[in-house]
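Asks: Okay, handing you the structure first.
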Amino acid sequence: MPERRTVALVTLGCARNEVDSEELAGRLEADGWQLVEDAADADVAVVNTCGFVEAAKKDSVDALLEANDLKDHGRTQAVVAVGCMAERYGKELAEALPEADGVLGFDDYADISDRLQTILSGGIHAAHTPRDRRKLLPISPAQRQEAGAAVALPGHGPADLPEGVAPASGPRAPLRRRLDGAPVASVKLASGCDRRCSFCAIPSFRGSFISRRPSDVLNETRWLAEQGVKEIMLVSENNTSYGKDLGDIRLLESLLPELAEVDGIERVRVSYLQPAEMRPGLIDVLTSTPKVAPYFDLSFQHSAPDVLRAMRRFGDTDRFLELLDTIRSKAPQAGVRSNFIVGFPGESEADLAELERFLNGARLDAIGVFGYSDEEGTEAATYENKLDEEVVAERLARVSRLAEELVSQRAEERVGETVRVLVESVDVEDGVSGRAAHQAPETDGQVLLTDGEGLVPGRMVEAKVVGTTGVDLVAEPLTGSLGWSEEAGR
């Protein structure tokens, strides 16, 4: 019997890429490949790249080069690039990076096993020619569902597959194979984006917005619960648009309570929300449904009106603060995070001061700050009123210092609160850590528990916040606190 081919998946970028990697893993395992964690132990190293900003693209190239070095020292025979950077640049990436033995686009995912076998056998699979994926689907969202069946949508693997096509878990098994044993997992709610923010290239290579059907999302969540997952995080480029191509823009409001009722799931979290699309009904569901985290990952990006209009976005400082007041009037402990771009073309000192006014009043739990840089193919890259790089760097440092101070202050405000913590790490040296409802994995802070006796990853425990260390909380577990409490969960 021939030795099984081995493959390792190296994932960079966002949670959406993590879901895509697990779909690729499901396809490969179903076709007989053996999945290994370390690329040095694999015949083929598949690097799932990020193509969003320059820093992420550099990380992707570095990962490809690092994997290529293994060909001189270990078992690795081939290195293959997939993901957003591969989709976005295709042939250009293949020519600029000959160390990659293959550059595969989204259209190759359904045949990933054959593609890797061809490359491993010494064959050549031509890198694809990039195209604007927005043009692959109808302009009208209502016409996309049927057309979407003919378009590659990573992370949208069907939830009902013939026996043997996915890991055993009955007919509900999705086209997915978990790559770690973490108690939290992302579930893709949709792909693509219909917004046309002037700084963002994502819609051009991820395509127009298309929702997954609620039944697929529910079935995948049930399957994940069977794998031991306690928290799911719904991801897409814009979750507030979910359902618009299914004929119901309020579909998320009805789906969330159903997800929260799945046996074994203790927390449902929603990410990537557009402030301009927030609805009263959605706020109500997010702040009042047991096991749904009152967590608001709101993409503000800026708060000065002129800058927002140049970004082709909507809102201003006062309207954003009113939105936050509405949220906190319903759930005082609600968590809010956001990202901001400083140094956008045309940004004045008054605009920057307006952003600082918003940040000082917003009481955000987590803040990401980025300095503007041109992204090829975007409208903003054509703007003439660019700021000098030195000015952008100075503003980035200035707002980053403010953000660090403000999130530390917000953490201190939580001292005395009771929080429900999902234990994620139990370590002899580092102690026990986890996350409360207002903290998303990787992007936000964490909770450090003062006593870890009897705790294991995946356990839920109520704890009282007794201190802080920067953005992180220090909390003391409460005796007999392992059951669900609506008061502590919100």
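Scheme for the structure tokens: letters A, B, ... for chains in order shown; per-chain residue numbers from 1; ligand numbers from 1 in order shown.
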Might you pull out every residue within 12 Å of range 306-323 of chain A, with only C-alpha atoms counted and same-chain residues fewer than 5 positions away left off, and present them as a compact mmCIF listing (two decimals) with N, CA and C atoms, in the first residue's frame?

Replies:
# COMPACT_ATOMS: atom_id res chain seq x y z
N ARG A 195 -20.13 47.05 -0.82
CA ARG A 195 -19.73 48.42 -0.52
C ARG A 195 -18.54 48.80 -1.39
N ARG A 196 -18.37 50.09 -1.62
CA ARG A 196 -17.30 50.55 -2.50
C ARG A 196 -16.42 51.56 -1.78
N CYS A 197 -15.94 51.19 -0.62
CA CYS A 197 -15.04 52.06 0.13
C CYS A 197 -13.82 52.37 -0.75
N SER A 198 -13.45 53.62 -0.81
CA SER A 198 -12.45 54.04 -1.78
C SER A 198 -11.05 53.53 -1.48
N PHE A 199 -10.81 53.02 -0.24
CA PHE A 199 -9.48 52.56 0.14
C PHE A 199 -9.33 51.05 0.05
N CYS A 200 -10.41 50.32 -0.26
CA CYS A 200 -10.43 48.87 -0.10
C CYS A 200 -10.51 48.15 -1.43
N GLN A 274 -21.29 46.93 9.92
CA GLN A 274 -21.19 48.27 9.34
C GLN A 274 -22.06 49.24 10.13
N PRO A 275 -21.52 50.31 10.69
CA PRO A 275 -22.33 51.25 11.48
C PRO A 275 -23.52 51.80 10.71
N ALA A 276 -23.33 52.10 9.43
CA ALA A 276 -24.40 52.69 8.64
C ALA A 276 -25.55 51.73 8.38
N GLU A 277 -25.32 50.43 8.62
CA GLU A 277 -26.35 49.44 8.35
C GLU A 277 -26.94 48.85 9.63
N MET A 278 -26.55 49.38 10.79
CA MET A 278 -27.09 48.85 12.05
C MET A 278 -28.57 49.19 12.17
N ARG A 279 -29.36 48.17 12.52
CA ARG A 279 -30.80 48.31 12.64
C ARG A 279 -31.23 48.15 14.09
N PRO A 280 -32.29 48.84 14.50
CA PRO A 280 -32.76 48.69 15.89
C PRO A 280 -33.03 47.23 16.25
N ILE A 283 -29.75 45.38 16.90
CA ILE A 283 -29.21 45.77 18.21
C ILE A 283 -29.96 45.06 19.33
N PHE A 296 -19.91 44.25 19.59
CA PHE A 296 -20.13 45.06 18.40
C PHE A 296 -18.78 45.43 17.77
N LEU A 298 -17.61 47.20 15.14
CA LEU A 298 -18.15 48.22 14.24
C LEU A 298 -17.03 48.87 13.43
N SER A 299 -17.18 48.86 12.14
CA SER A 299 -16.14 49.38 11.25
C SER A 299 -16.33 50.88 11.04
N PHE A 300 -15.86 51.68 12.00
CA PHE A 300 -16.01 53.13 11.89
C PHE A 300 -15.04 53.75 10.88
N GLN A 301 -13.77 53.36 10.95
CA GLN A 301 -12.69 53.82 10.08
C GLN A 301 -12.27 55.28 10.30
N ARG A 328 -25.42 50.78 24.60
CA ARG A 328 -25.12 50.64 26.03
C ARG A 328 -26.35 50.89 26.91
N SER A 329 -27.36 51.57 26.36
CA SER A 329 -28.59 51.72 27.13
C SER A 329 -29.31 50.38 27.25
N LYS A 330 -29.06 49.48 26.30
CA LYS A 330 -29.67 48.16 26.31
C LYS A 330 -28.77 47.11 26.98
N VAL A 336 -17.29 46.82 22.52
CA VAL A 336 -17.23 47.49 21.21
C VAL A 336 -15.78 47.61 20.80
N SER A 338 -13.19 48.66 17.15
CA SER A 338 -13.21 49.23 15.81
C SER A 338 -11.80 49.46 15.31
N PHE A 340 -9.41 52.10 12.63
CA PHE A 340 -9.39 53.47 12.10
C PHE A 340 -8.19 53.66 11.19
N ILE A 341 -8.39 54.46 10.16
CA ILE A 341 -7.31 54.84 9.24
C ILE A 341 -6.98 56.30 9.47
N VAL A 342 -5.72 56.60 9.71
CA VAL A 342 -5.29 57.99 9.86
C VAL A 342 -4.38 58.35 8.69
N GLY A 343 -4.33 59.64 8.38
CA GLY A 343 -3.49 60.08 7.27
C GLY A 343 -4.12 59.85 5.92
N PHE A 344 -5.46 59.70 5.87
CA PHE A 344 -6.15 59.50 4.60
C PHE A 344 -5.96 60.75 3.74
N PRO A 345 -5.89 60.61 2.41
CA PRO A 345 -5.72 61.78 1.54
C PRO A 345 -6.70 62.90 1.88
N GLY A 346 -6.18 64.08 2.12
CA GLY A 346 -7.01 65.24 2.43
C GLY A 346 -7.33 65.41 3.89
N GLU A 347 -6.92 64.48 4.74
CA GLU A 347 -7.21 64.59 6.18
C GLU A 347 -6.50 65.81 6.76
N SER A 348 -7.27 66.71 7.37
CA SER A 348 -6.71 67.93 7.96
C SER A 348 -6.46 67.71 9.45
N GLU A 349 -5.80 68.69 10.08
CA GLU A 349 -5.61 68.63 11.52
C GLU A 349 -6.96 68.67 12.23
N ALA A 350 -7.90 69.43 11.67
CA ALA A 350 -9.24 69.49 12.27
C ALA A 350 -9.93 68.13 12.17
N ASP A 351 -9.72 67.43 11.06
CA ASP A 351 -10.30 66.09 10.91
C ASP A 351 -9.71 65.14 11.94
N LEU A 352 -8.41 65.23 12.15
CA LEU A 352 -7.76 64.36 13.12
C LEU A 352 -8.26 64.66 14.53
N ALA A 353 -8.44 65.96 14.82
CA ALA A 353 -8.97 66.34 16.13
C ALA A 353 -10.39 65.81 16.33
N GLU A 354 -11.17 65.78 15.24
CA GLU A 354 -12.52 65.24 15.32
C GLU A 354 -12.49 63.74 15.63
N LEU A 355 -11.56 63.03 15.01
CA LEU A 355 -11.40 61.61 15.31
C LEU A 355 -11.02 61.41 16.77
N GLU A 356 -10.12 62.24 17.27
CA GLU A 356 -9.72 62.14 18.67
C GLU A 356 -10.89 62.44 19.60
N ARG A 357 -11.75 63.38 19.20
CA ARG A 357 -12.93 63.67 20.00
C ARG A 357 -13.83 62.43 20.08
N PHE A 358 -13.99 61.76 18.96
CA PHE A 358 -14.80 60.56 18.97
C PHE A 358 -14.18 59.48 19.87
N LEU A 359 -12.90 59.24 19.70
CA LEU A 359 -12.24 58.20 20.48
C LEU A 359 -12.34 58.48 21.98
N ASN A 360 -12.21 59.72 22.36
CA ASN A 360 -12.29 60.07 23.78
C ASN A 360 -13.69 59.85 24.34
N GLY A 361 -14.71 59.94 23.49
CA GLY A 361 -16.07 59.77 23.97
C GLY A 361 -16.65 58.39 23.77
N ALA A 362 -15.96 57.54 23.00
CA ALA A 362 -16.55 56.28 22.57
C ALA A 362 -16.40 55.14 23.57
N ARG A 363 -15.39 55.18 24.43
CA ARG A 363 -15.15 54.12 25.42
C ARG A 363 -15.08 52.74 24.74
N LEU A 364 -14.20 52.63 23.76
CA LEU A 364 -14.05 51.37 23.03
C LEU A 364 -13.16 50.41 23.81
N TYR A 372 -2.60 55.33 6.54
CA TYR A 372 -3.04 55.14 5.16
C TYR A 372 -1.85 54.86 4.25
N THR A 378 -7.55 50.82 -6.22
CA THR A 378 -8.60 51.48 -5.44
C THR A 378 -8.74 52.93 -5.89
N GLU A 379 -9.91 53.49 -5.62
CA GLU A 379 -10.16 54.89 -5.98
C GLU A 379 -9.24 55.83 -5.23
N ALA A 380 -9.00 55.56 -3.95
CA ALA A 380 -8.18 56.46 -3.14
C ALA A 380 -6.76 56.56 -3.66
N ALA A 381 -6.28 55.51 -4.32
CA ALA A 381 -4.92 55.54 -4.86
C ALA A 381 -4.77 56.60 -5.94
N THR A 382 -5.91 57.05 -6.53
CA THR A 382 -5.86 58.06 -7.58
C THR A 382 -6.02 59.47 -7.03
N TYR A 383 -6.30 59.60 -5.74
CA TYR A 383 -6.48 60.93 -5.16
C TYR A 383 -5.18 61.72 -5.20
N GLU A 384 -5.30 63.02 -5.36
CA GLU A 384 -4.10 63.86 -5.51
C GLU A 384 -3.61 64.46 -4.20
N ASN A 385 -4.52 64.64 -3.24
CA ASN A 385 -4.14 65.36 -2.02
C ASN A 385 -3.58 64.42 -0.95

Asks: Neighbours of Gly192 in chain A within 6 Å (only C-alpha atoms; same-chain residues fewer than 5 positions away dropped), as a list in words?

Replies: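 Returned residues: Pro203, Arg206, Gly207, Ser208, Phe209 and Glu237 of chain A.
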
Asks: Could you dump the residues just selected with N, CA, C and O atoms as a PDB file, in the first residue's frame?

Replies:
ATOM      1  N   PRO A 203     -13.400  43.793  -2.426  1.00  0.00           N
ATOM      2  CA  PRO A 203     -14.483  43.338  -3.316  1.00  0.00           C
ATOM      3  C   PRO A 203     -13.993  42.878  -4.688  1.00  0.00           C
ATOM      4  O   PRO A 203     -14.603  41.980  -5.283  1.00  0.00           O
ATOM      5  N   ARG A 206     -12.581  39.290  -3.809  1.00  0.00           N
ATOM      6  CA  ARG A 206     -13.505  38.417  -3.085  1.00  0.00           C
ATOM      7  C   ARG A 206     -14.892  38.397  -3.731  1.00  0.00           C
ATOM      8  O   ARG A 206     -15.695  37.506  -3.474  1.00  0.00           O
ATOM      9  N   GLY A 207     -15.178  39.399  -4.566  1.00  0.00           N
ATOM     10  CA  GLY A 207     -16.431  39.389  -5.300  1.00  0.00           C
ATOM     11  C   GLY A 207     -17.567  40.111  -4.607  1.00  0.00           C
ATOM     12  O   GLY A 207     -17.402  40.702  -3.542  1.00  0.00           O
ATOM     13  N   SER A 208     -18.735  40.068  -5.227  1.00  0.00           N
ATOM     14  CA  SER A 208     -19.934  40.693  -4.681  1.00  0.00           C
ATOM     15  C   SER A 208     -20.473  39.868  -3.512  1.00  0.00           C
ATOM     16  O   SER A 208     -20.157  38.690  -3.354  1.00  0.00           O
ATOM     17  N   PHE A 209     -21.310  40.495  -2.713  1.00  0.00           N
ATOM     18  CA  PHE A 209     -21.834  39.866  -1.497  1.00  0.00           C
ATOM     19  C   PHE A 209     -22.799  38.729  -1.833  1.00  0.00           C
ATOM     20  O   PHE A 209     -23.720  38.899  -2.626  1.00  0.00           O
ATOM     21  N   GLU A 237     -17.318  39.627   5.068  1.00  0.00           N
ATOM     22  CA  GLU A 237     -16.841  40.991   4.862  1.00  0.00           C
ATOM     23  C   GLU A 237     -17.817  42.018   5.430  1.00  0.00           C
ATOM     24  O   GLU A 237     -17.435  43.151   5.699  1.00  0.00           O
TER      25      GLU A 237
END

Asks: At what distance in Å, to one decimal, does CA of Gly32 in chain A lie from CA of Gly102 in chain A?

Replies: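 Interatomic distance, CA of Gly102 in chain A to CA of Gly32 in chain A: 20.4 Å.
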
Asks: Leaving out Leu282 in chain A and any residue of its chain fewer than 2 positions from it, which residues lie within 12 Å of it when counting only C-alpha atoms, given as a count of residues only?

Replies: 34

Asks: Considering only C-alpha atoms, state which residue in the set A:Leu64, A:Ala94, A:Leu116, A:Val407 is at the smallest distance from His128 in chain A.

Replies: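 Selected residue with least distance to His128 in chain A: A:Ala94.
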
Asks: Within 10 Å of Arg410 in chain A, counting only C-alpha atoms, which residues qualify if same-chain residues fewer than 2 places away don't, as a list of chain:residue names?

Replies: A:Ala362, A:Arg363, A:Leu364, A:Asp365, A:Ala366, A:Glu405, A:Leu406, A:Val407, A:Ser408, A:Glu412, A:Glu413, A:Arg414, A:Val415, A:Thr468, A:Gly470, A:Val471

Asks: Which residues of range 6-32 of chain A have any atom within 12 Å of an atom in range 438-457 of chain A when counting only C-alpha atoms, and what is the closest pair of atoms for each, with the distance in Å to one decimal? Order the rows by chain and rising number and write it as CSV.

Replies:
residue,atom,partner,partner_atom,distance
A:Gly13,CA,A:Glu442,CA,11.4
A:Cys14,CA,A:Glu442,CA,9.8
A:Ala15,CA,A:Pro441,CA,9.5

Asks: Give me a file of those residues, with all heavy atoms, as a compact mmCIF listing (two decimals), in the first residue's frame.

Replies:
# COMPACT_ATOMS: atom_id res chain seq x y z
N GLY A 13 -3.54 35.97 7.80
CA GLY A 13 -4.68 36.86 7.60
C GLY A 13 -5.81 36.63 8.58
O GLY A 13 -5.60 36.21 9.72
N CYS A 14 -7.02 36.86 8.12
CA CYS A 14 -8.19 36.98 8.99
C CYS A 14 -8.86 35.64 9.25
O CYS A 14 -8.47 34.59 8.73
CB CYS A 14 -9.19 37.94 8.35
SG CYS A 14 -9.87 37.31 6.79
N ALA A 15 -9.92 35.70 10.07
CA ALA A 15 -10.68 34.49 10.41
C ALA A 15 -11.35 33.89 9.18
O ALA A 15 -11.59 32.67 9.14
CB ALA A 15 -11.72 34.83 11.47
